[in-house]
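What follows is a single structure, written as structure tokens, with notes after it.
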There are 2 protein chains.
Amino acid sequence: MRWLRRSWAGLLYQRHQQHHRRFLLTTNRESDGEREQQQHYKWSSPGSRAEQVLYAGFWAGGLTLGFYWLTNRNHNVLLEEQVSDEEEQEALARLWHMTLREELPTYKNDVVEQHNCPEKGIWVTYGLGVYDVTDFVENHPGGDKILMAAGSAIDPFWAIYQQHNTLEVLELLEGFRIGNLEGELVPSVDDELGSPWSQEPQRHALLKPASKRPFNAEPPIGLLAEQFYTPNDLFYVRNHLPVPVISPEDYELEIEGGEKKKTLSLEGIKDLPKYSVTAAIMCGGNRRSEMTKVKAVKGLSWGAGAVGNAKWSGARLCDVLKQLGVQPDETKHVIFEGADLDPTSHPYGASIPLAKALDPRGDVILAYEMNDEPLSRDHGYPIRVIVPGTVGARNVKWLTRIVVADRESDSHWQQNDYKGFSPSTDWDTVDFSKSDAIQAMPVTSAICTPQPGSRVKIDDDEGHIAVRGYAWSGGGRKIVRVDLSNDEGLSWHVAELEQEDIPDGRHYGWSLWTARLPVSEAQRKAGDVEIWAKAVDSAYNVQPEKFEHIWNLRGVLANAYHKVKVKIV
Amino acid sequence: MRWLRRSWAGLLYQRHQQHHRRFLLTTNRESDGEREQQQHYKWSSPGSRAEQVLYAGFWAGGLTLGFYWLTNRNHNVLLEEQVSDEEEQEALARLWHMTLREELPTYKNDVVEQHNCPEKGIWVTYGLGVYDVTDFVENHPGGDKILMAAGSAIDPFWAIYQQHNTLEVLELLEGFRIGNLEGELVPSVDDELGSPWSQEPQRHALLKPASKRPFNAEPPIGLLAEQFYTPNDLFYVRNHLPVPVISPEDYELEIEGGEKKKTLSLEGIKDLPKYSVTAAIMCGGNRRSEMTKVKAVKGLSWGAGAVGNAKWSGARLCDVLKQLGVQPDETKHVIFEGADLDPTSHPYGASIPLAKALDPRGDVILAYEMNDEPLSRDHGYPIRVIVPGTVGARNVKWLTRIVVADRESDSHWQQNDYKGFSPSTDWDTVDFSKSDAIQAMPVTSAICTPQPGSRVKIDDDEGHIAVRGYAWSGGGRKIVRVDLSNDEGLSWHVAELEQEDIPDGRHYGWSLWTARLPVSEAQRKAGDVEIWAKAVDSAYNVQPEKFEHIWNLRGVLANAYHKVKVKIV
């Protein structure tokens with residue numbers, strides 16, 4: 001797969017060495033449910049001050065509106081709380097690096113390039129801003145990755161590592177501004193061959209993006225519990241990098257199992273015995289948008305829809321590893337690499353314990369089918385590893401390499417992301433090396449209907465409202481009960497479960513549930529009801545009550561009771 | 001082991017058919033830390049009314065005092081809350097069946113014996129009371145087991161099924177009183193050969209009984225976290241029935257694995273390869289005394305000490321089953337029976353899924369050693385099955401029989417006990433068949449020092465207090481973090497863990513932890529601090545915050561935050 005790794009990332013890297021003054025700004029417009037990427041705005045050499053202010057105002061307005069629209073689409077109920085002053089500020093801050101600051105000097109690119117080490121000072125450019133980040137380097141949360149951009153542009157990196165696009169980071173950066181970059185600024189790299197984003201697949205119009213590049217989107221929560229198997233095109237998408245283009249003929253999977261190595265073609269994988277497993281896949285950040293209301297966290301603002309349930313089919317990883325002579329060893333790990341590459345040509349990566357991979361009851365699958373159809377490109381075509389019961393991040397898509405190793409994957413996503421921390425751990429005190437990478441996920445549930453803020457009719461003479469949702473626990477633990485309350489826990493009502501008849505320990509699918517909750521005369525008069533859901537798994541673990549005491553700075557593992565306020569009509 | 005099953009239980013059953021007027025009343029006195037069982041009170045034929053009142057007063061006083069003493073020893077901090085009017089009432093209610101009610105007729109035994117079926121009415125005797133329970137039979141929580149006593153005495157049954165010794169049950173029974181039983185009343189069966197309780201082992205003076213017959217006791221919580229391996233004689237004891245007497249020469253273990261059968265002697269088991277596993281065993285009712293403060297539950301009033309951690313050694317069950325040709329089948333179960341028998345000669349029994357038994361990483365052991373010493377009688381001599389990560393009740397002691405079966409054990413303890421329910425399920429609505437038997441236990445933790453109500457010194461100039469305890473999760477899930485707070489969750493402090501370096505999924509031992517909590521000037525002045533502990537396991541499951549929303553009528557799975565109030569001095 002070396003050809004792939006060299007393709008866009010290598011190209012891009014060369015190109016931004018040559019043309020690193022370029023930056024892109026893209027907006028999207030939706031018409032008749034179809035999304036068109038357009039409005040690649042061309043910012044030529046900086047014009048007059050008045051012109052800049054005009055441009056800036058135009059963009060600020062557009063971005064702010066766009067923000068409202070996005071937030072409205074994603075979390076329509078939370079609209080008023082979420083579109084805050086801070087978000088307006090953030091939208092404006094996104095223009096700073098595109099704005100000439102006349103009080104500062106202008107530098108040529110070859111001058112910037114010389115400042116590429118601590119001794120000479122470390123400068124970077126972003127848009128037309130020049131920044132001296134020498135003193136910041138050692139405090140960079142991403143470690144010395146920042147040095148990859150020393151003396152050059154950070155634009156292509158930030159296009160990938162979208163966590164930088166926050167007011168806090170933009171303010172920090174602008175504080176290091178020392179000048180303006182001389183030269184011509186051209187539009188987006190999108191319209192040129194080799195752009196990492198130029199070959200993204202088409203997506204279903206109902207998928208609500210939490211971010212567009214990389215594409216991360218969830219289906220409307222109201223649809224989620226309608227079907228036991230989530231339709232493929234409505235299944236949430238969590239991409240960390242651009243979607244690679246892989247032709248089935250060229251596809252190869254390298255497997256290193258200790259001393260032996262092996263390469264499998266797509267046909268070779270399909271020739272192995274075919275197994276199917278029903279498994280829900282859930283993003284580690286599912287329901288983050290609820291946790292962040294307690295206190296801001298960093299990460300995509302997922303609702304409760306970053307989960308889906310599917311039947312996955314393919315070859316069993318344990319069979320492949322056993323054929324390769326891999327022996328059980330509980331100190332070892334299995335590292336997965338995808339064909340999706342970051343700007344330095346490093347692939348997305350993650351790992352799981354070898355014990356999980358070798359356990360026939362672990363049901364780890366090299367999947368080529370999702371609900372009896374070939375995987376779509378967004379879900380890992382042609383091969384994705386399915387690690388049932390385990391956080392989505394370990395279910396590596398576009399799988400190109402498997403290595404049995406003495407250590408976990410050293411990827412960013414295994415080492416410095418997808419880990420839990422105490423509520424009192426902040427970005428000043430966090431030490432990712434001290435925390436365990438998330439593997440099995442904790443028990444959780446969500447109310448899918450009614451939706452927050454909706455007007456609910458009482459459905460019969462006895463005064464009940466109908467509630468429906470999903471529940472799931474990691475590690476193959478079956479859901480044994482879902483309790484609902486509409487009186488703040490004074491009374492609980494046990495839901496009816498819809499689930500597969502699969503033994504505990506291997507129960508990787510989700511459970512859908514339905515309950516009919518009585519509404520008291522007092523609640524009917526008041527008009528407002530808050531519904532609570534909590535699930536119990538086969539180890540009798542329960543969800544925690546609220547987010548305050550499980551809050552963590554990355555906003556993962558957001559499994560507190562799901563609470564939904566509705567109006568009774 | 002048929003000889004055993006016939007021994008005391010058969011004897012007792014015959015005897016109470018013949019002499020079912022007998023009952024026993026025993027008190028205990030402690031002197032110099034040694035417990036002597038004495039004071040077998042002889043109640044001859046009922047005397048004058050004055051005499052009865054005198055006797056009743058004597059016993060009422062004694063029992064009430066005894067209650068205070070027991071409660072004080074077990075839960076010294078909770079003393080004031082726990083010794084309620086209800087408990088005084090309960091102590092008095094225990095005398096009703098020993099009291100002649102002169103307004104009622106007197107019946108001979110042969111008259112009672114005729115009322116042994118629904119058509120003739122169902123009468124039972126208890127002490128010198130005669131009761132018509134015909135209308136109650138179908139509401140009996142224990143099902144039709146009550147019919148075993150039809151036309152005869154319930155005394156020997158209630159001596160075993162101690163859940164009847166509550167005010168509620170005693171009131172219910174006295175409501176069915178129709179008369180007095182004629183005949184001589186003799187003292188306890190204890191001093192006679194064949195009493196089920198006559199051969200109980202000696203126990204360590206520091207074990208605090210939650211009940212004496214059967215013996216159930218926990219060590220002082222303050223000692224529990226002092227050693228990683230709990231000393232054998234301080235390890236909590238949870239007996240459901242009298243301790244059987246087993247000679248190593250006669251011991252036999254019957255194993256039925258489908259079509260093949262096998263009998264192993266003690267030496268035969270010791271000849272198999274020897275494995276050791278560190279595993280904490282925890283009673284399903286550990287910390288029940290905290291849950292019952294929310295609302296009364298039924299069950300022994302355990303503190304946080306119904307748990308211990310030991311190194312268990314013996315043969316692996318998976319080896320024995322594989323030798324017998326048992327094949328993996330996830331629909332099957334392994335039933336265990338003990339040599340401890342109920343009054344109808346039925347053994348204590350429980351079962352686990354076959355998948356757990358066959359999994360080499362499940363580490364199920366036919367243990368003959370506990371911390372490198374032979375098992376003591378209280379812990380299952382000569383053989384106890386250790387099912388690591390699984391609720392104590394499945395770790396069957398005095399193991400005599402193993403059966404691979406299509407169904408779970410049909411024992412009371414598998415079917416009608418050790419299950420979880422919604423907080424709104426009460427004894428009128430409970431349906432045990434609808435709930436899953438507890439297997440793996442949920443994550444929990446407890447503060448062992450300081451103890452509730454204790455006066456704690458600030459230990460250094462920086463104003464810290466030292467806190468220590470244990471944490472554990474079932475299913476082999478490692479504890480990854482323990483958080484402590486002394487400001488109601490506003491801030492959390494991560495504890496230092498002491499645990500074995502064993503891979504997750506097979507981490508069956510507990511973790512001890514230590515933390516140093518800062519005490520603010522305000523807290524120092526106020527003098528009172530409440531410390532909270534919560535643990536997180538490798539599936540990132542956390543303890544629920546409080547007992548209100550996990551309350552269940554049997555008081556099991558009491559794993560809310562542990563909260564301890566102390567005084568700062």
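Convention: chains lettered A, B, ... in structure tokens order; per-chain residue numbering from 1; ligands numbered from 1 as shown.
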
Please list as a PyMOL selection string every residue within 6 Å of region 535-552 of chain B, counting only C-alpha atoms and excluding residues in the same chain fewer than 2 positions away. (chain A and resi 440-442+544) or (chain B and resi 291+421+423+445+477-482+554-555+560-561)

Take the residues from that selection and put them in a file with N, CA and C atoms, as a compact mmCIF listing (two decimals), in the first residue's frame.
```
# COMPACT_ATOMS: atom_id res chain seq x y z
N ALA A 440 -13.16 -1.69 25.80
CA ALA A 440 -14.60 -1.93 25.98
C ALA A 440 -15.26 -0.66 26.49
N MET A 441 -16.48 -0.42 26.02
CA MET A 441 -17.19 0.79 26.41
C MET A 441 -18.13 0.50 27.58
N PRO A 442 -18.44 1.53 28.38
CA PRO A 442 -19.36 1.33 29.50
C PRO A 442 -20.83 1.31 29.05
N PRO A 544 -24.05 6.23 35.36
CA PRO A 544 -24.02 7.23 36.42
C PRO A 544 -25.14 8.26 36.19
N MET B 291 -27.51 0.51 51.66
CA MET B 291 -28.71 0.60 50.80
C MET B 291 -29.99 0.61 51.63
N PHE B 421 -33.23 -5.91 40.60
CA PHE B 421 -34.54 -5.43 40.15
C PHE B 421 -34.56 -3.91 40.12
N PRO B 423 -35.78 -0.18 41.10
CA PRO B 423 -36.12 0.37 42.42
C PRO B 423 -37.62 0.36 42.71
N SER B 445 -16.16 0.25 45.28
CA SER B 445 -15.02 0.60 46.11
C SER B 445 -15.52 0.92 47.50
N ARG B 477 -12.29 -7.40 35.13
CA ARG B 477 -11.99 -6.02 34.73
C ARG B 477 -11.12 -5.34 35.80
N LYS B 478 -10.00 -4.85 35.34
CA LYS B 478 -9.04 -4.19 36.22
C LYS B 478 -9.58 -2.83 36.67
N ILE B 479 -9.24 -2.42 37.87
CA ILE B 479 -9.55 -1.06 38.30
C ILE B 479 -8.52 -0.13 37.64
N VAL B 480 -8.99 0.89 36.93
CA VAL B 480 -8.05 1.80 36.27
C VAL B 480 -7.90 3.12 37.03
N ARG B 481 -8.86 3.43 37.90
CA ARG B 481 -8.74 4.69 38.64
C ARG B 481 -9.69 4.70 39.82
N VAL B 482 -9.25 5.31 40.92
CA VAL B 482 -10.16 5.57 42.04
C VAL B 482 -10.07 7.06 42.34
N ARG B 554 -33.94 -6.85 47.44
CA ARG B 554 -33.06 -7.81 48.12
C ARG B 554 -31.78 -7.14 48.61
N GLY B 555 -31.59 -5.90 48.28
CA GLY B 555 -30.42 -5.19 48.80
C GLY B 555 -29.10 -5.70 48.26
N ALA B 560 -23.06 1.97 45.10
CA ALA B 560 -22.99 3.43 44.98
C ALA B 560 -21.69 3.95 45.59
N TYR B 561 -21.38 5.24 45.31
CA TYR B 561 -20.22 5.87 45.94
C TYR B 561 -20.19 5.49 47.43
```

I'd like to know which residues of region 104-311 of chain A are alpha helix (DSSP H) (by DSSP, run on the backbone); could you write them as a ChimeraX atom specification? /A:109-114,155-160,167-175,221-224,266-271,288-291

Which residues are close to region 378-385 of chain A, i.e. within 6 Å by only C-alpha atoms, leaving aside same-chain residues fewer than 3 positions away? Reply as a list of chain:residue names. A:Ile365, A:Leu366, A:Ala367, A:Tyr368, A:Leu375, A:Asn395, A:Val396, A:Lys397, A:Trp398, A:Leu399

Would you output that residue set with N, CA and C atoms, as an mmCIF file, in the first residue's frame?
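Output file out-v8.cif is given in full below:
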```cif
data_model
loop_
_atom_site.group_PDB
_atom_site.id
_atom_site.type_symbol
_atom_site.label_atom_id
_atom_site.label_comp_id
_atom_site.auth_asym_id
_atom_site.auth_seq_id
_atom_site.Cartn_x
_atom_site.Cartn_y
_atom_site.Cartn_z
ATOM 1 N N ILE A 365 -13.613 -9.430 13.317
ATOM 2 C CA ILE A 365 -13.904 -9.776 11.918
ATOM 3 C C ILE A 365 -13.148 -8.833 10.984
ATOM 4 N N LEU A 366 -12.559 -9.393 9.927
ATOM 5 C CA LEU A 366 -12.068 -8.552 8.823
ATOM 6 C C LEU A 366 -13.251 -8.409 7.872
ATOM 7 N N ALA A 367 -14.028 -7.355 8.086
ATOM 8 C CA ALA A 367 -15.347 -7.269 7.443
ATOM 9 C C ALA A 367 -15.269 -6.653 6.066
ATOM 10 N N TYR A 368 -15.973 -7.286 5.117
ATOM 11 C CA TYR A 368 -16.154 -6.688 3.803
ATOM 12 C C TYR A 368 -17.625 -6.423 3.515
ATOM 13 N N LEU A 375 -19.010 -2.971 2.050
ATOM 14 C CA LEU A 375 -18.776 -1.742 2.809
ATOM 15 C C LEU A 375 -18.793 -0.544 1.869
ATOM 16 N N ASN A 395 -11.944 0.143 15.606
ATOM 17 C CA ASN A 395 -12.518 -0.570 14.449
ATOM 18 C C ASN A 395 -11.981 0.086 13.181
ATOM 19 N N VAL A 396 -10.694 -0.129 12.925
ATOM 20 C CA VAL A 396 -9.976 0.647 11.910
ATOM 21 C C VAL A 396 -10.529 0.372 10.509
ATOM 22 N N LYS A 397 -10.785 1.463 9.787
ATOM 23 C CA LYS A 397 -11.331 1.373 8.425
ATOM 24 C C LYS A 397 -10.185 1.326 7.414
ATOM 25 N N TRP A 398 -10.521 0.939 6.182
ATOM 26 C CA TRP A 398 -9.542 0.905 5.075
ATOM 27 C C TRP A 398 -8.268 0.183 5.540
ATOM 28 N N LEU A 399 -8.478 -0.946 6.185
ATOM 29 C CA LEU A 399 -7.395 -1.674 6.863
ATOM 30 C C LEU A 399 -6.333 -2.128 5.876
#
```

Contact residues around region 212-217 of chain B with only C-alpha atoms at 7 Å, ignoring same-chain residues under 5 positions, as a PDB file with N, CA and C atoms, in the first residue's frame:
```
ATOM      1  N   ILE B 160     -33.176 -22.551  59.309  1.00  0.00           N
ATOM      2  CA  ILE B 160     -32.322 -22.476  58.127  1.00  0.00           C
ATOM      3  C   ILE B 160     -32.622 -21.209  57.323  1.00  0.00           C
ATOM      4  N   LEU B 207     -14.280 -11.560  63.790  1.00  0.00           N
ATOM      5  CA  LEU B 207     -15.324 -11.645  62.760  1.00  0.00           C
ATOM      6  C   LEU B 207     -16.656 -11.240  63.377  1.00  0.00           C
ATOM      7  N   TYR B 236     -14.222 -12.802  55.201  1.00  0.00           N
ATOM      8  CA  TYR B 236     -15.654 -12.867  55.511  1.00  0.00           C
ATOM      9  C   TYR B 236     -16.196 -14.267  55.247  1.00  0.00           C
ATOM     10  N   VAL B 237     -17.185 -14.657  56.028  1.00  0.00           N
ATOM     11  CA  VAL B 237     -17.816 -15.966  55.878  1.00  0.00           C
ATOM     12  C   VAL B 237     -19.274 -15.758  55.507  1.00  0.00           C
ATOM     13  N   ARG B 238     -19.723 -16.406  54.428  1.00  0.00           N
ATOM     14  CA  ARG B 238     -21.121 -16.344  54.015  1.00  0.00           C
ATOM     15  C   ARG B 238     -21.592 -17.780  53.856  1.00  0.00           C
ATOM     16  N   ASN B 239     -22.200 -18.316  54.925  1.00  0.00           N
ATOM     17  CA  ASN B 239     -22.772 -19.653  54.854  1.00  0.00           C
ATOM     18  C   ASN B 239     -24.288 -19.545  54.719  1.00  0.00           C
ATOM     19  N   HIS B 240     -24.850 -20.375  53.859  1.00  0.00           N
ATOM     20  CA  HIS B 240     -26.305 -20.380  53.702  1.00  0.00           C
ATOM     21  C   HIS B 240     -26.958 -21.444  54.564  1.00  0.00           C
ATOM     22  N   LEU B 241     -26.164 -22.425  55.010  1.00  0.00           N
ATOM     23  CA  LEU B 241     -26.677 -23.586  55.725  1.00  0.00           C
ATOM     24  C   LEU B 241     -25.599 -24.002  56.734  1.00  0.00           C
ATOM     25  N   PRO B 242     -25.879 -24.988  57.560  1.00  0.00           N
ATOM     26  CA  PRO B 242     -24.837 -25.419  58.507  1.00  0.00           C
ATOM     27  C   PRO B 242     -23.590 -25.936  57.789  1.00  0.00           C
TER      28      PRO B 242
END
```

I need the residues in region 396-452 of chain B that are strand (DSSP E or B) according to DSSP; give them as a ChimeraX atom specification. /B:399-405,419,437,440,444-449

Skipping near chain neighbours, those fewer than 3 positions away, what residues fall within 12 Å of Val364 (chain A) using only C-alpha atoms, listed as a ChimeraX atom specification? /A:275-279,312-321,334,352-361,367,384-390,394-396,475-476,506,508

Just give me the gap between CA of Lys295 (chain B) and CA of Thr444 (chain A) in Å, one decimal is fine.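 Interatomic distance here is 26.4 Å.
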
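The shell of residues at most 7 Å from region 119-136 of chain B, with only C-alpha atoms counted and near chain neighbours (fewer than 4 positions) removed, consists of B:Arg21, B:Arg22, B:Phe23, B:His97, B:Met98, B:Val112, B:His115, B:His140, B:Ala149, B:Ala150, B:Gly151, B:Ser152, B:Ala153, B:Ile154, B:Asp155, B:Phe176, B:Arg177, B:Ile178, B:Gly179, B:Asn180, B:Leu181.
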
Given only C-alpha atoms as the basis, pick out the residue of B:Ala205, B:Leu253, B:Leu170, B:Val391 nearest to Ile269 (chain B). B:Leu253

Neighbours of region 509-522 of chain B within 9 Å (only C-alpha atoms; same-chain residues fewer than 6 positions away dropped), as a ChimeraX atom specification? /B:225-228,277-281,308-311,388-389,458,462-473,476,478-479,482-486,493-500,529,531,568

Go through A:Gly489, A:Gly338, A:Gly349, A:Gly285 and flag the residue nearest Lys419 (chain A), using only C-alpha atoms for the distances. A:Gly285

Distance of CA of Asp436 (chain B) from CA of Glu330 (chain B), expressed in Å to one decimal place: 15.8 Å

Which residue is closest to Asn116 (chain A)? Choose from A:Leu490, A:Val137, A:Leu324, A:Cys283 and count only C-alpha atoms.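 Closest to Asn116 (chain A), using only C-alpha atoms: A:Val137.
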
So the first atom is CA of Pro141 (chain A) and the second is CA of Ser195 (chain A); what is the distance between them in Å, to one decimal place? 27.0 Å
